[in-house]
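**Student:** Just passing along the structure, written as structure tokens.
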Amino acid sequence: MKQLITQHEILTLDDYGRIVSFSSGYAPDQEFIQPGDYPVLSFQYREKDRLIDVESIHDIPEIKDFGQEIEYTYTNIEDTGVTAVCRIIAGPDNFSFTISLTETNGLCITGVSYPFIIVRYQLEGTPNSEALLYPINAGLLKRAPQPQDLEPDSFHAFRFAPENGDTFHYPGQVFAQFLAYYNDRAGILAMCNDTKGQLKLIKPVHRNGLRLGFFHAGDWREPRALGYNLLLCSFQGDWYDGASIYRSWSSRQDWSVPLQKRPEIPDWLLDSPPHVVLRIQGRIDEGPVEPNECFQPYEKAVPLLEQVAKALDSPVAPIIMAWENKGPWVYPDCFPPAGGDSSLRSFTAMARERGWHVGSYCNGTRWVTAQYWSGYDGRNYLLENQGQDTLCRTVENNYWQERWDTSWRQSYAACLEVEHTRKTAEDFCMHLAEDGLDYIQFLDQNVGCTAFPCYAEDHGHPPMPGQWMTQAMERLGDTFRDVCKKSGRPMAFALEQPCCEYFLRDIHICDVRIGPPGHPYYNGGFIPLAQFLHHEFILFQGAFGSGQEPYHLPIRTAANLVWGNIPGGVLTGDGDFVNRDHPQPWGVWEPKLGNNQDTLTMLKNATELRRGAGKPYLVYGQMQKPANLEEIPIINWQYGGYDYEAPAVFDCLWKAPDGRLGLILANWTDRPRRIKINDCRLGIPRFVIVPALGCILEEVM
């Protein structure tokens with residue numbers, strides 16, 4: 001047994017180099033590690049059209065002990081000719097793990113998992129106080145996780161394959177490179193300090209205990225070291241405290257440029273125009289695609305938008321969606337847009353005259369070959385435009401077909417390393433710019449700024465997913481900048497879901513769909529982790545999201561406001577907002593729910609605060625751990641056969657760039673609410689009244 005010690009932690013390794021104990025000075029008698037016969041490491045290599053996985057469980061290492069540093073060398077692992085050198089260093093505040101591989105048999109190594117960190121489901125604190133923090137989607141907190149809540153650990157769990165999706169990696173839908181697990185006594189944080197955006201699969205899985213899984217992917221054909229470290233440390237508190245450790249590192253990296261120092265972001269966007277979504281064709285994605293005549297031609301939407309802008313006393317950002325000529329979300333065979341280029345150009349000109357700026361949702365680098373509701377068959381278009389040469393390949397050399405949308409369309413991931421893919425994207429964005437759009441959410445399926453994985457041997461990249469994906473996405477960011485320059489006017493480039501930290505400099509605004517307190521979104525596990533980590537570096541908008549019926553939009557607007565999102569919603573043909581709670585919040589217009597005037601009042605008050613006194617906090621500020629508030633009433637009601645609840649007042653504490661603290665409070669109900677503020681950061685305990693359907697800012701120097 002070998003033991004390493006930091007200021008706060010003790011790590012014990014057995015003679016094979018496996019982690020068998022981890023304890024924190026915050027709770028010295030609490031053991032985190034689940035005992036078991038686990039691997040020290042595993043690696044994966046490609047052999048023709050298959051992947052082979054190797055685990056090092058009982059390989060006897062050569063050990064060099066340097067006191068606070070231990071080196072384990074595993075030679076000829078499982079007779080593969082692969083040698084791994086693993087180093088663990090105990091620093092003042094964490095343990096640092098790194099690995100290097102060499103091989104003698106010409107193996108095409110595609111990735112390695114190291115170290116194996118497997119924690120107990122039940123720790124020694126209050127029962128069911130355990131929680132798992134995962135930086136995926138917009139932030140996921142799984143309370144009291146159980147084996148059935150996780151994917152079982154297997155070789156398949158850490159493979160790039162269509163059945164596993166093509167966005168669930170870092171950098172991508174996993175937008176930060178850490179996992180945290182804690183209870184009411186102490187927590188454990190595992191994070192990578194990689195500054196180059198190297199490809200990883202980061203996911204929690206079940207393996208007797210809860211494995212904090214890290215698969216370091218990429219081109220390992222040449223002998224090389226990992227190039228960064230995995231750091232392991234402990235903390236005390238809740239998810240804010242664990243995430244704060246990671247934020248303190250991430251916010252010092254080159255990708256973290258404050259909004260005030262990003263002159264390329266248009267001033268009109270920094271002024272937070274409410275996002276008003278216009279569905280041009282159909283209602284839901286997997287449904288009929290008849291034109292919505294209320295918005296075709298596009299000029300017909302102008303009077304409706306004028307009513308909204310007047311009610312909100314603010315410019316608006318009209319966002320068109322499902323506008324592609326061949327059927328909603330068909331790409332790249334999508335022009336002219338439904339309703340025609342001429343009408344769209346007239347609409348964008350009329351909007352600009354009114355101080356509005358038109359945007360669009362798009363489809364990203366997916367090549368769509370069929371839209372079953374519209375009857376579109378794009379196979380000939382694919383062949384005529386050499387589209388097949390752009391498609392990502394699986395390890396079996398099949399085209400990488402998307403799985404989630406097969407009931408209503410057929411689509412394939414396109415490889416960003418292929419120049420034709422990037423040129424198609426550039427031409428597409430340039431066409432929209434020429435139609436007068438100032439805001440393009442091109443990366444709508446490349447969620448998180450995801451470059452899709454590819455194993456092709458003829459695309460000019462190594463025949464496996466790897467660092468080339470990050471570099472290709474960086475080149476696409478350069479393409480966006482070129483489009484903006486050619487357009488001759490300030491443009492915004494947007495993204496579906498939170499932007500992965502590595503690409504924060506390339507994207508101006510991202511689409512985050514919140515689940516407010518009391519709502520079962522993500523089984524109640526939604527947290528504003530992306531805003532907590534990155535709010536001061538990128539803008540967020542919340543035109544979509546969840547909210548309890550029949551108060552969907554007032555609730556969602558209140559949550560959007562306090563968590564730093566530009567509010568918005570979906571407009572119907574009579575000028576009212578959609579106020580229904582639906583997985584596709586743009587999709588169900590009737591029967592109408594709620595009170596549209598309440599929606600407008602809440603949107604107006606939120607917009608006024610965000611554009612006015614709250615701007616240093618809600619646009620440029622950094623989210624803080626919540627203030628200690630008391631006597632916030634919980635509202636309970638029944639609707640449509642369901643029981644609902646939500647706090648009457650939502651809240652969040654922010655720090656402006658000049659260091660001032662601001663407490664944002666939003667009351668979505670139709671009566672004033674009194675709450676008590678009892679937080680040493682905000683002065684003496686006191687009461688405050690939050691007006692009905694209103695917001696308030698409490699400033700503290």
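Each chain in the structure tokens gets a letter, A, B, ..., in the order shown, and its residues are numbered from 1; ligands are numbered from 1 in order too.
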When DSSP is applied to the backbone of this structure, which of segment 90-224 of chain A are assigned strand (DSSP E or B)? Write them out as a PyMOL selection string.
**Tutor:** chain A and resi 90+95-103+108-113+118-119+131-134+136+140-143+151-152+170+174+178-182+187-192+200-207+209-217+224
**Student:** Which residues are close to Val588 of chain A, i.e. within 10 Å by only C-alpha atoms, leaving aside same-chain residues fewer than 3 positions away? Reply as a list in words.
**Tutor:**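 Everything that qualifies: Arg283, Ile284, Thr572, Val578, Asn579, Arg580, Asp581, His582, Pro583, Gln584, Pro585, Pro591 and Lys592 of chain A.
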**Student:** Considering only C-alpha atoms, state which residue in the set A:Tyr412, A:Phe428, A:Phe650, A:Tyr522 is at the smallest distance from Lys142 of chain A.
**Tutor:**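 With only C-alpha atoms as the atom set, the closest residue is A:Tyr522.
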**Student:** In Å, rounded to a single decimal, give me how far atom CA of Ser234 of chain A is from atom CA of Gln3 of chain A.
**Tutor:** 16.3 Å
**Student:** Can you write out as CSV which residues of segment 208-311 of chain A fall within 12 Å of segment 338-344 of chain A, alongside each residue's closest atom pair and its distance in Å to one decimal, counting only C-alpha atoms and ordering rows by chain and ascending residue number?
**Tutor:**
residue,atom,partner,partner_atom,distance
A:Arg279,CA,A:Ala338,CA,11.2
A:Ile280,CA,A:Ala338,CA,7.6
A:Gln281,CA,A:Ala338,CA,7.9
A:Gly282,CA,A:Ala338,CA,11.6
A:Val289,CA,A:Ala338,CA,10.9
A:Glu290,CA,A:Ala338,CA,10.5
A:Pro291,CA,A:Ala338,CA,8.1
A:Asn292,CA,A:Gly339,CA,10.2
A:Glu293,CA,A:Gly339,CA,9.6
A:Cys294,CA,A:Gly339,CA,11.5
A:Phe295,CA,A:Gly339,CA,8.8
A:Gln296,CA,A:Gly339,CA,5.8
A:Pro297,CA,A:Gly339,CA,5.5
A:Tyr298,CA,A:Ser343,CA,5.9
A:Glu299,CA,A:Ser343,CA,6.9
A:Lys300,CA,A:Ser343,CA,9.9
A:Ala301,CA,A:Leu344,CA,11.0
A:Val302,CA,A:Leu344,CA,11.7
**Student:** If you measure from atom CA of Thr406 of chain A to atom CA of Asp49 of chain A, what distance in Å do you get, rounded to one decimal?
**Tutor:**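 These two atoms are separated by 24.8 Å.
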**Student:** With only C-alpha atoms as the counted atoms, please give the residues lying no more than 7 Å from Glu501 of chain A, apart from itself and same-chain residues fewer than 6 positions off, as a list in words.
**Tutor:** Phe175, Ala176 and Trp255 of chain A
**Student:** I need the residue nearest Leu682 of chain A from this list: A:Ala627, A:Val20, A:Ala190, A:Leu495. Use only C-alpha atoms for the distance.
**Tutor:**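 Comparing A:Ala627, A:Val20, A:Ala190, A:Leu495 against Leu682 of chain A, the winner is A:Ala627.
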**Student:** Run DSSP on the backbone and tell me which residues of segment 345-537 of chain A come out as helix (DSSP H, G or I); list them as a VMD selection string.
**Tutor:** chain A and resid 345 to 353 379 to 384 387 to 390 419 to 434 467 to 487 501 to 503 521 to 524 529 to 537
**Student:** Could you write out the selected residues, including C-alpha atoms, as a PDB file, in the first residue's frame?
**Tutor:**
ATOM      1  CA  ARG A 345     -35.456  40.325 -47.080  1.00  0.00           C
ATOM      2  CA  SER A 346     -38.382  42.726 -46.895  1.00  0.00           C
ATOM      3  CA  PHE A 347     -39.167  41.520 -43.375  1.00  0.00           C
ATOM      4  CA  THR A 348     -35.591  41.907 -42.111  1.00  0.00           C
ATOM      5  CA  ALA A 349     -35.437  45.418 -43.594  1.00  0.00           C
ATOM      6  CA  MET A 350     -38.711  46.392 -41.906  1.00  0.00           C
ATOM      7  CA  ALA A 351     -37.420  44.940 -38.648  1.00  0.00           C
ATOM      8  CA  ARG A 352     -34.165  46.887 -38.804  1.00  0.00           C
ATOM      9  CA  GLU A 353     -36.103  50.109 -39.413  1.00  0.00           C
ATOM     10  CA  ARG A 379     -30.880  11.299 -51.962  1.00  0.00           C
ATOM     11  CA  ASN A 380     -30.257  12.678 -55.425  1.00  0.00           C
ATOM     12  CA  TYR A 381     -29.324  16.075 -54.001  1.00  0.00           C
ATOM     13  CA  LEU A 382     -26.804  14.331 -51.747  1.00  0.00           C
ATOM     14  CA  LEU A 383     -25.183  12.538 -54.696  1.00  0.00           C
ATOM     15  CA  GLU A 384     -25.271  15.512 -57.053  1.00  0.00           C
ATOM     16  CA  GLY A 387     -22.542  15.070 -49.932  1.00  0.00           C
ATOM     17  CA  GLN A 388     -21.625  11.475 -49.253  1.00  0.00           C
ATOM     18  CA  ASP A 389     -17.971  12.545 -49.140  1.00  0.00           C
ATOM     19  CA  THR A 390     -18.718  14.764 -46.124  1.00  0.00           C
ATOM     20  CA  GLU A 419     -13.562  21.270 -46.456  1.00  0.00           C
ATOM     21  CA  HIS A 420     -16.825  20.713 -48.304  1.00  0.00           C
ATOM     22  CA  THR A 421     -18.646  20.582 -44.936  1.00  0.00           C
ATOM     23  CA  ARG A 422     -17.253  23.943 -43.861  1.00  0.00           C
ATOM     24  CA  LYS A 423     -17.809  25.531 -47.286  1.00  0.00           C
ATOM     25  CA  THR A 424     -21.442  24.375 -47.273  1.00  0.00           C
ATOM     26  CA  ALA A 425     -21.863  25.938 -43.820  1.00  0.00           C
ATOM     27  CA  GLU A 426     -20.253  29.185 -44.983  1.00  0.00           C
ATOM     28  CA  ASP A 427     -22.499  29.423 -48.056  1.00  0.00           C
ATOM     29  CA  PHE A 428     -25.553  28.715 -45.919  1.00  0.00           C
ATOM     30  CA  CYS A 429     -24.716  31.413 -43.352  1.00  0.00           C
ATOM     31  CA  MET A 430     -23.822  33.874 -46.105  1.00  0.00           C
ATOM     32  CA  HIS A 431     -27.204  33.317 -47.744  1.00  0.00           C
ATOM     33  CA  LEU A 432     -28.986  34.119 -44.487  1.00  0.00           C
ATOM     34  CA  ALA A 433     -26.809  37.196 -44.008  1.00  0.00           C
ATOM     35  CA  GLU A 434     -27.703  38.361 -47.519  1.00  0.00           C
ATOM     36  CA  GLN A 467      -8.080  16.570 -31.283  1.00  0.00           C
ATOM     37  CA  TRP A 468      -8.706  17.239 -34.982  1.00  0.00           C
ATOM     38  CA  MET A 469     -12.404  17.687 -34.104  1.00  0.00           C
ATOM     39  CA  THR A 470     -11.601  20.618 -31.822  1.00  0.00           C
ATOM     40  CA  GLN A 471      -9.343  22.179 -34.435  1.00  0.00           C
ATOM     41  CA  ALA A 472     -12.014  21.779 -37.128  1.00  0.00           C
ATOM     42  CA  MET A 473     -14.597  23.519 -34.921  1.00  0.00           C
ATOM     43  CA  GLU A 474     -12.125  26.346 -34.372  1.00  0.00           C
ATOM     44  CA  ARG A 475     -11.873  26.760 -38.146  1.00  0.00           C
ATOM     45  CA  LEU A 476     -15.671  26.899 -38.341  1.00  0.00           C
ATOM     46  CA  GLY A 477     -15.519  29.722 -35.790  1.00  0.00           C
ATOM     47  CA  ASP A 478     -13.193  31.533 -38.196  1.00  0.00           C
ATOM     48  CA  THR A 479     -15.798  30.963 -40.913  1.00  0.00           C
ATOM     49  CA  PHE A 480     -18.447  32.679 -38.784  1.00  0.00           C
ATOM     50  CA  ARG A 481     -16.155  35.658 -38.337  1.00  0.00           C
ATOM     51  CA  ASP A 482     -15.581  35.808 -42.104  1.00  0.00           C
ATOM     52  CA  VAL A 483     -19.343  35.823 -42.739  1.00  0.00           C
ATOM     53  CA  CYS A 484     -19.767  38.682 -40.282  1.00  0.00           C
ATOM     54  CA  LYS A 485     -16.960  40.633 -41.956  1.00  0.00           C
ATOM     55  CA  LYS A 486     -18.414  40.081 -45.436  1.00  0.00           C
ATOM     56  CA  SER A 487     -21.888  41.129 -44.280  1.00  0.00           C
ATOM     57  CA  GLU A 501     -15.965  26.410 -22.313  1.00  0.00           C
ATOM     58  CA  TYR A 502     -13.292  25.869 -24.951  1.00  0.00           C
ATOM     59  CA  PHE A 503     -15.370  27.625 -27.642  1.00  0.00           C
ATOM     60  CA  TYR A 521     -37.615  19.001 -15.827  1.00  0.00           C
ATOM     61  CA  TYR A 522     -34.755  16.480 -15.943  1.00  0.00           C
ATOM     62  CA  ASN A 523     -36.547  14.770 -13.054  1.00  0.00           C
ATOM     63  CA  GLY A 524     -36.081  17.901 -11.012  1.00  0.00           C
ATOM     64  CA  LEU A 529     -24.537  25.280 -13.726  1.00  0.00           C
ATOM     65  CA  ALA A 530     -23.680  26.725 -17.146  1.00  0.00           C
ATOM     66  CA  GLN A 531     -24.618  30.225 -15.994  1.00  0.00           C
ATOM     67  CA  PHE A 532     -22.697  29.740 -12.753  1.00  0.00           C
ATOM     68  CA  LEU A 533     -19.540  28.803 -14.642  1.00  0.00           C
ATOM     69  CA  HIS A 534     -19.687  31.006 -17.739  1.00  0.00           C
ATOM     70  CA  HIS A 535     -22.287  33.771 -17.498  1.00  0.00           C
ATOM     71  CA  GLU A 536     -19.861  36.694 -17.635  1.00  0.00           C
ATOM     72  CA  PHE A 537     -18.262  35.343 -20.844  1.00  0.00           C
TER      73      PHE A 537
END
**Student:** Write out as a list in words each polymer residue whose atoms come within 7 Å of Asn193 of chain A, counting only C-alpha atoms; drop sequence neighbours fewer than 6 positions from it.
**Tutor:**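 Counting only C-alpha atoms, the residues come to Tyr228, Asn229 and Leu230 of chain A.
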**Student:** Atoms to include: C-alpha atoms. Write the selected residues as a JSON list (two decimals), in the first residue's frame.
**Tutor:**
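Below is the file that was written, out-v9.json:
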[["chain", "number", "residue", "atom", "x", "y", "z"],
["A", 228, "TYR", "CA", -2.71, 17.37, -19.02],
["A", 229, "ASN", "CA", -3.53, 16.11, -15.56],
["A", 230, "LEU", "CA", -6.60, 14.74, -13.86]]
**Student:** If you count only C-alpha atoms, which residues fall within 9 Å of Ala456 of chain A, apart from same-chain ones fewer than 4 positions away, as a ChimeraX atom specification?
**Tutor:** /A:391-395,397,460-464
**Student:** Could you check the closest approach to Gly659 of chain A for each of A:Met623, A:Ala225, A:Leu304, A:Leu693 and tell me which residue wins, using only C-alpha atoms?
**Tutor:**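 Residue with the minimum atom-to-atom distance to Gly659 of chain A: A:Met623.
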**Student:** If you measure from atom CA of Gln445 of chain A to atom CA of Ala161 of chain A, what distance in Å do you get, rounded to one decimal?
**Tutor:** 16.8 Å
**Student:** Got a sec: who's within 9 Å of segment 550-554 of chain A, counting only C-alpha atoms, leaving out chain neighbours fewer than 4 positions off, as a ChimeraX atom specification?
**Tutor:** /A:546,558-559,568-569,577-581,593-596,598-603,639,667-669,693
**Student:** Which residues are close to Val276 of chain A, i.e. within 8 Å by only C-alpha atoms, leaving aside same-chain residues fewer than 4 positions away? Reply as a list in words.
**Tutor:**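 These residues fall inside the cut-off: Val316, Ala317, Pro318, Ile319, Ala543, Gly568, Gly569, Val570 and Leu571 of chain A.
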**Student:** Using only C-alpha atoms, which of the listed residues (A:Met491, A:Val649, A:Val82, A:Leu41) sits closest to His357 of chain A?
**Tutor:**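 Result for the nearest residue to His357 of chain A: A:Met491.
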**Student:** Rank nothing, just name the residue among A:Asp658, A:Pro274, A:Trp586, A:Ser21 nearest to Ala311 of chain A, using only C-alpha atoms.
**Tutor:**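 Between A:Asp658, A:Pro274, A:Trp586, A:Ser21, the residue approaching Ala311 of chain A most closely is A:Pro274.
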**Student:** From the options A:Gln441, A:Glu78, A:Gly375, A:Lys310, which residue's atoms come nearest to Tyr361 of chain A, counting only C-alpha atoms?
**Tutor:** A:Gln441
